[in-house]
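Contents: one structure, followed by commentary.
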Amino acid sequence: MLSKSAERLYWLARYLERTENTARLINATMNLIYDLPYGIEVGWHNLLNICGVEEAFYQRFKNPSEQNVIRFLLADSANSSSLLSSLSFARENIRTSRDLMPDEAWEQVNEMYLYATGNLENLSNRRGRAIFLQEIMHGCQRFTGFIAGAMSRNDSYRFISLGRNIERADMTTRIMDFGTVLLAENRSQTMREYESMLWINVLKSLSALLMYRKQVRRRIKGQDVLDFLLKNADFSAAVNHCLQEIEASIKKLPNSTPLLSQLETLEQNLLTVDTSQNTPLQLREILDKLQSDFNALHQRIAQTWFFNHLSV
Amino acid sequence: MTKNSIWNSYEADKTFDEMLSAQSHARPICETLSDYLQNLGVDALKHRRAAADAAILEMGITFTVYNDTGNIDRAWPFDIIPRLIEFQEWKRIEAGLKQRLKALNCFINDVYNAQSIIKDGLVPADLIHSSSNFRRECVGITPKFETWANICGSDLVRGGDGVVYVLEDNLRVPSGVSYMIENRVITKRVFPELLHNLNVMPVDDYPLQLFEMLCSLSENENPQIVVLTPGIYNSAYFEHAFLAQQMGVELVEGSDLVVQKDDCVYMKTIQGLEKVDVIYRRIDDLFLDPEVFHKDSLLGVKGLMRAWKAGNVALANAPGAGVADDKVVYAYVPQMIQYYLNEQPLLPNVPTYLCSEEDQRAYVLAHLSELVVKPANESGGYGMLIGTQATKKELMQFSKLIKENPRNYIAQPTLALSTCPTLCNDHLEPRHIDLRPFILQGENSFVTAGGLTRVALRKGSLVVNSSQGGGSKDTWIINMEQ
């Protein structure tokens, strides 16, 4: 398999995962905010933090109002991680990978892109936005389903899986980061009253609520949620599960030994984290460290398969 | 024909129409289609056109157009009304195309080796050496099967006399075959019932035939084949990706390939370097290898010509094959067929005046306003003069161009290209068409069943190129005897 093709598939998967995550996150937040009282300290601005785009946002807007945040996260082409940007990068990557995938995979992404660009004007009203986000989430799931059902478990598939799981693990830690806000000692009384609802929202924004309920059969508690999202081996968005998926893909790819040992260290560190023994501040540091580890993993993947050692 | 027939307003009497005869009766092979369209009515046709347009958008069938604002990916312009050709007629055309490509390949191989056709005085030596597509670097080389042009796209037109002529042979990197295949995919959605009833010959075996032809170019039993593209900004990128995907081979750019000290070509993979045996290249000669041709080409592969000359990699088409893709050389093809194959040409050329010949040039200059003047080496319909539609200023300009560089121009009578019913807004109108079949030659020869019918969508226009307002149609070869 061409190095360049591997790189394109990897990024295709990352961008599509980012597209789906953004849609789900905004959808969950919308539903949450409609239920919350005025004046509570969580709101649209938290989304900017989760997506890591605060700085870019405040360069363009003063006020993190619903309209501004939504526009910036969904449709702003100046924001390179907006949903529309991610989707169009995904489309470019699959457009140049059509020799590796069944036609329907390309058509799926192309249709979704055409839908998104054709329905941007519906984003300003809440109803239109909800339909838009549903359609995008369904589009991404159809793509995933198609890949699962129609592609050989070959190297192409492995690079798609690699990209998806790195992006997914990264997103999970970002949403957990938001969760640590909910654990802050100095949180308001209102916040404490709405606590369960907020944690449920954390789970919903990762489509994790049902699976969490099945696993943890007691009243929803912040520590439990964080523990589940970090260490559960079976849930698809849990960091531990993502790392195992990454490991499974890497094992079958050539020249992967150094990468595997890097990954094993990462996995061991993850399993020793005890969320109940850490303050919210310490938890944030742990999550930050994880994010930089994912980045290091990405660098190593790029070095191993995407370029340089082959430039002759 | 009933009073409210959709054919009532159709004026097919100006030239040969593929569907209706001069008496406005449907030709025998078109009867079913004509009745079908009639029963369907215009509103239903418009619905089907909308469905076809949506399918094209979703399937992402595009071509790239360049303009001042950058590259635009445009949806492929497609007319849903198919163009029909009768099977027996097609058999004759097919044989003529195979014959033609064989002769052209004999010619190219001769030009780069013995040059007997020049020595025997049939073709002037100057013609070859002044050709901008003659590559000195290729002299003395004989590719496998003595075949240089493995893939050819010839343009056919039917004149007002009903005769099918060859207008030109594209031997460099002809494109359009993917659209031929995709057009059929769309037609299957639009007119599924018709296709089945009419016994239309399938077209989708082309990628398989191409793959087998490319395999035959290597000594290796399971050769590593790649499609070499200039990249996403090329107007035919869609096709490059399509063919690679259909053949199940890698689509590569120059930067993915490298020639090592052993003069072999390798591609950069996640495993490391892997040897490449056959390259279906969709890059022009001059960009293939910066070591030999354009030094600043970023599209090509350094050392590729070395590898090819050493016989370590097959290139299709071979570099230098374009020497026969020259409108002056074209004029000699009928003689070539007789010279190399000792056969009579099965397909006629369009009468061609060579501006390099003094008496012919004089005729051309005196009759500019009746003729079509073409530069010898352009493609895509650029740099042409259509005398009947030209302004005085354009005629003057071409007269000057011809006198300055006579070798670069040929002229042909203005052909009344045949027309075919085309859905324009809300009724059917005749539009001029041509046909580009694709011919393969390796160990064996193969011709597509039909080809890409191109249609000039503007009323009265004779320019069918997609870059200049042309569209396309599905082409049905129909066997009436079965």
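To be explicit about the labels: the chains of the structure tokens are called A, B, and onward in the order shown, and within each one the residues are counted from 1, while ligands get numbers from 1 in the order they are shown.
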* Exercise answer, chain A residues close to chain B, 7 Å and only C-alpha atoms, as a PyMOL selection string -> chain A and resi 1-3+98-100+107+110-111+254+305+310
Residues from the last selection, N, CA and C atoms, saved as a tab-separated table (two decimals), in the first residue's frame:
```tsv
chain	number	residue	atom	x	y	z
A	1	MET	N	0.84	-1.19	0.00
A	1	MET	CA	0.00	0.00	0.00
A	1	MET	C	0.87	1.25	0.00
A	2	LEU	N	0.51	2.23	-0.84
A	2	LEU	CA	1.28	3.45	-0.92
A	2	LEU	C	1.26	4.20	0.41
A	3	SER	N	2.40	4.76	0.76
A	3	SER	CA	2.48	5.56	1.98
A	3	SER	C	1.46	6.69	1.95
A	98	ARG	N	-10.09	7.02	-3.96
A	98	ARG	CA	-11.17	6.23	-4.53
A	98	ARG	C	-10.70	4.91	-5.08
A	99	ASP	N	-9.39	4.81	-5.32
A	99	ASP	CA	-8.87	3.53	-5.82
A	99	ASP	C	-8.79	2.50	-4.70
A	100	LEU	N	-9.03	2.89	-3.45
A	100	LEU	CA	-8.86	1.96	-2.34
A	100	LEU	C	-10.17	1.53	-1.71
A	107	GLU	N	-19.42	7.88	-2.30
A	107	GLU	CA	-20.73	8.49	-2.52
A	107	GLU	C	-21.36	8.93	-1.20
A	110	ASN	N	-19.62	12.10	-0.13
A	110	ASN	CA	-19.97	13.16	-1.07
A	110	ASN	C	-21.40	13.65	-0.85
A	111	GLU	N	-22.31	12.72	-0.65
A	111	GLU	CA	-23.71	13.10	-0.39
A	111	GLU	C	-23.83	13.93	0.87
A	254	PRO	N	3.29	-3.39	8.98
A	254	PRO	CA	4.73	-3.66	8.98
A	254	PRO	C	5.52	-2.66	9.82
A	305	TRP	N	5.02	5.29	8.80
A	305	TRP	CA	4.38	4.85	7.56
A	305	TRP	C	4.15	5.93	6.50
A	310	LEU	N	11.35	6.89	3.52
A	310	LEU	CA	11.29	6.39	2.15
A	310	LEU	C	11.85	7.37	1.14
```
Quick one: residues within 7 Å of segment 396-409 of chain B, only C-alpha atoms, excluding same-chain residues fewer than 3 positions away - as a short mmCIF file (atom, residue, chain, number, x, y, z; two decimals) with C-alpha atoms, in the first residue's frame?
```
data_model
loop_
_atom_site.label_atom_id
_atom_site.label_comp_id
_atom_site.auth_asym_id
_atom_site.auth_seq_id
_atom_site.Cartn_x
_atom_site.Cartn_y
_atom_site.Cartn_z
CA LEU B 354 -1.77 20.28 -45.67
CA CYS B 355 -0.67 23.89 -45.35
CA SER B 356 2.94 22.73 -45.61
CA LEU B 365 -5.89 30.58 -48.01
CA VAL B 373 -8.42 25.10 -39.78
CA LYS B 374 -6.73 23.16 -36.99
CA PRO B 375 -3.29 23.40 -35.43
CA ALA B 376 -1.36 20.16 -35.92
CA LYS B 392 -13.20 38.88 -40.71
CA LYS B 393 -10.60 39.65 -38.07
#
```
* To do: Write down as a PyMOL selection string the residues belonging to segment 69-159 of chain A that are assigned helix (DSSP H, G or I) by DSSP computed on the backbone.
  => chain A and resi 69-75+83-95+103-118+120-124+126-150+155-159
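Near segment 157-165 of chain A, within 6 Å and counting only C-alpha atoms, sit Leu9, Tyr10, Ala13, Arg14, Glu17, Arg153, Ala169, Cys242, Ile246 and Ser249 of chain A; same-chain residues fewer than 4 positions away were not included.
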Show which residues sit within 10 Å of Asn46 of chain A, as a tab-separated table (two decimals) with C-alpha atoms, in the first residue's frame. Count only C-alpha atoms, and ignore same-chain residues fewer than 3 positions away.
```tsv
chain	number	residue	atom	x	y	z
A	29	THR	CA	-25.26	20.45	24.49
A	41	GLU	CA	-21.75	28.47	34.95
A	42	VAL	CA	-21.88	25.97	32.10
A	43	GLY	CA	-22.95	27.11	28.66
A	49	ASN	CA	-12.97	24.86	25.28
A	50	ILE	CA	-13.77	21.22	24.53
A	51	CYS	CA	-13.02	21.73	20.84
A	52	GLY	CA	-9.84	23.63	21.63
A	54	GLU	CA	-11.25	29.39	22.23
A	64	PRO	CA	-19.93	33.37	23.03
A	69	VAL	CA	-20.68	29.54	18.83
A	175	ILE	CA	-15.13	15.88	27.04
A	178	PHE	CA	-15.22	19.45	30.67
A	181	VAL	CA	-15.38	21.48	35.73
```
* Asked: In Å, with one decimal, what is the gap from atom CA of Ala149 of chain B to atom CA of Arg281 of chain B?
  ->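 Computing the Euclidean distance for atom CA of Ala149 of chain B and atom CA of Arg281 of chain B yields 11.8 Å.
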* Asked: Hey, what's within 9 Å of segment 121-136 of chain A if we count only C-alpha atoms and toss same-chain stuff fewer than 6 positions away? As a list in words, please?
  ->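 Those residues are Thr19, Glu20, Ala23, Arg24, Ile26, Asn27, Met30, Gln67, Ile70, Arg71, Leu74, Ala75, Met112, Tyr113 and Tyr115 of chain A.
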Can I get the selection written as a tab-separated table (two decimals), in the first residue's frame, with N, CA and C atoms?
```
chain	number	residue	atom	x	y	z
A	19	THR	N	-16.02	15.12	12.51
A	19	THR	CA	-17.32	15.61	12.04
A	19	THR	C	-18.44	15.05	12.91
A	20	GLU	N	-18.39	13.74	13.11
A	20	GLU	CA	-19.45	13.10	13.88
A	20	GLU	C	-19.42	13.57	15.34
A	23	ALA	N	-20.85	17.04	15.69
A	23	ALA	CA	-22.31	17.03	15.57
A	23	ALA	C	-22.95	16.51	16.85
A	24	ARG	N	-22.40	15.43	17.38
A	24	ARG	CA	-23.00	14.82	18.56
A	24	ARG	C	-22.86	15.72	19.78
A	26	ILE	N	-22.55	18.99	19.89
A	26	ILE	CA	-23.42	20.16	19.82
A	26	ILE	C	-24.88	19.76	20.05
A	27	ASN	N	-25.25	18.64	19.51
A	27	ASN	CA	-26.61	18.14	19.69
A	27	ASN	C	-26.91	17.91	21.17
A	30	MET	N	-27.04	21.26	23.07
A	30	MET	CA	-28.29	21.95	22.80
A	30	MET	C	-29.39	21.43	23.70
A	67	GLN	N	-25.75	31.73	18.84
A	67	GLN	CA	-25.59	31.89	17.38
A	67	GLN	C	-24.12	31.90	16.96
A	70	ILE	N	-22.39	28.42	17.56
A	70	ILE	CA	-22.89	27.44	16.59
A	70	ILE	C	-22.31	27.69	15.21
A	71	ARG	N	-22.37	28.96	14.80
A	71	ARG	CA	-21.85	29.29	13.47
A	71	ARG	C	-20.37	28.92	13.36
A	74	LEU	N	-19.89	25.01	13.52
A	74	LEU	CA	-20.48	24.20	12.45
A	74	LEU	C	-20.08	24.66	11.06
A	75	ALA	N	-20.18	25.95	10.79
A	75	ALA	CA	-20.17	26.36	9.39
A	75	ALA	C	-19.05	27.32	9.02
A	112	MET	N	-23.10	13.50	1.89
A	112	MET	CA	-23.16	14.20	3.16
A	112	MET	C	-22.63	15.63	2.99
A	113	TYR	N	-21.57	15.75	2.23
A	113	TYR	CA	-20.99	17.07	1.98
A	113	TYR	C	-21.98	17.96	1.21
A	115	TYR	N	-25.15	17.65	1.17
A	115	TYR	CA	-26.24	17.98	2.09
A	115	TYR	C	-25.82	19.15	2.98
```
* To do: Considering only C-alpha atoms, return as a list in words whatever protein or nucleic-acid residues lie within 8 Å of Cys152 of chain B, sequence-local ones (same chain, fewer than 2 positions apart) excluded.
  =>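 Skipping anything fewer than 2 positions along the chain leaves Leu101, Ala149, Asn150, Ser154, Asp169, Asn170, Leu171, Arg172, Pro174, Phe438, Ile439 and Leu440 of chain B.
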Please write the residues from the selection above to a file, keeping C-alpha atoms, as a short mmCIF file (atom, residue, chain, number, x, y, z; two decimals), in the first residue's frame.
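Output file again19.cif is given in full below:
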```
data_model
loop_
_atom_site.label_atom_id
_atom_site.label_comp_id
_atom_site.auth_asym_id
_atom_site.auth_seq_id
_atom_site.Cartn_x
_atom_site.Cartn_y
_atom_site.Cartn_z
CA LEU B 101 -4.26 1.57 -34.81
CA ALA B 149 0.27 3.45 -28.68
CA ASN B 150 -1.49 0.89 -26.50
CA SER B 154 -10.18 8.11 -32.16
CA ASP B 169 -6.54 9.80 -33.54
CA ASN B 170 -5.59 10.66 -29.96
CA LEU B 171 -2.48 8.70 -29.09
CA ARG B 172 -1.04 10.67 -26.23
CA PRO B 174 -6.81 10.28 -24.53
CA PHE B 438 -11.33 3.62 -27.35
CA ILE B 439 -9.01 1.09 -28.92
CA LEU B 440 -6.51 -1.05 -27.05
#
```
Within 12 Å of Ile93 of chain B, counting only C-alpha atoms, which residues qualify if same-chain residues fewer than 3 places away don't, as a PDB file with C-alpha atoms, in the first residue's frame?
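Output saved as around_5.pdb:
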```pdb
ATOM      1  CA  ILE B  85     -25.731   2.570 -33.704  1.00  0.00           C
ATOM      2  CA  GLU B  86     -26.635  -0.615 -35.480  1.00  0.00           C
ATOM      3  CA  PHE B  87     -24.510  -3.672 -34.661  1.00  0.00           C
ATOM      4  CA  GLN B  88     -23.465  -4.602 -38.214  1.00  0.00           C
ATOM      5  CA  GLU B  89     -22.370  -1.068 -38.945  1.00  0.00           C
ATOM      6  CA  TRP B  90     -20.484  -1.050 -35.689  1.00  0.00           C
ATOM      7  CA  GLY B  96     -11.574  -0.195 -39.263  1.00  0.00           C
ATOM      8  CA  LEU B  97     -10.381   1.155 -35.926  1.00  0.00           C
ATOM      9  CA  LYS B  98      -8.260  -1.909 -35.158  1.00  0.00           C
ATOM     10  CA  GLN B  99      -6.755  -1.727 -38.623  1.00  0.00           C
ATOM     11  CA  ARG B 100      -5.976   1.941 -38.173  1.00  0.00           C
ATOM     12  CA  SER B 154     -10.180   8.110 -32.162  1.00  0.00           C
ATOM     13  CA  ASP B 155     -12.784  10.740 -32.935  1.00  0.00           C
ATOM     14  CA  LEU B 156     -15.430   9.682 -35.443  1.00  0.00           C
ATOM     15  CA  VAL B 157     -17.993  11.880 -37.121  1.00  0.00           C
ATOM     16  CA  ARG B 158     -20.842  11.109 -39.470  1.00  0.00           C
ATOM     17  CA  VAL B 163     -20.633   8.185 -43.992  1.00  0.00           C
ATOM     18  CA  VAL B 164     -18.580   7.752 -40.809  1.00  0.00           C
ATOM     19  CA  TYR B 165     -15.190   9.475 -41.040  1.00  0.00           C
ATOM     20  CA  VAL B 166     -12.203   9.434 -38.729  1.00  0.00           C
ATOM     21  CA  PRO B 345      -8.561   1.414 -45.357  1.00  0.00           C
ATOM     22  CA  LEU B 346     -11.921   0.394 -43.913  1.00  0.00           C
ATOM     23  CA  LEU B 347     -12.651   3.846 -42.498  1.00  0.00           C
ATOM     24  CA  PRO B 348     -12.169   7.021 -44.559  1.00  0.00           C
ATOM     25  CA  LEU B 435     -18.097   9.651 -31.160  1.00  0.00           C
ATOM     26  CA  ARG B 436     -14.898   8.709 -29.382  1.00  0.00           C
ATOM     27  CA  PRO B 437     -14.367   4.950 -29.213  1.00  0.00           C
ATOM     28  CA  PHE B 438     -11.331   3.623 -27.353  1.00  0.00           C
ATOM     29  CA  ILE B 439      -9.010   1.094 -28.920  1.00  0.00           C
ATOM     30  CA  VAL B 447     -12.454  -1.766 -29.196  1.00  0.00           C
ATOM     31  CA  THR B 448     -15.088  -0.490 -26.768  1.00  0.00           C
ATOM     32  CA  ALA B 449     -18.694  -1.273 -27.699  1.00  0.00           C
ATOM     33  CA  GLY B 450     -19.502   2.179 -28.972  1.00  0.00           C
ATOM     34  CA  GLY B 451     -17.656   4.828 -27.057  1.00  0.00           C
ATOM     35  CA  ILE B 477     -24.852  -0.584 -30.014  1.00  0.00           C
TER      36      ILE B 477
END
```
* **Distance in Å - atom CA of Tyr340 of chain B versus atom CA of Phe145 of chain B** => 15.1 Å
* To do: Mind the document's chain letters and residue numbers, and return as number ranges by chain the residues of segment 122-226 of chain B that DSSP labels strand (DSSP E or B).
  => B: 151-158, 164-170, 200, 225-226
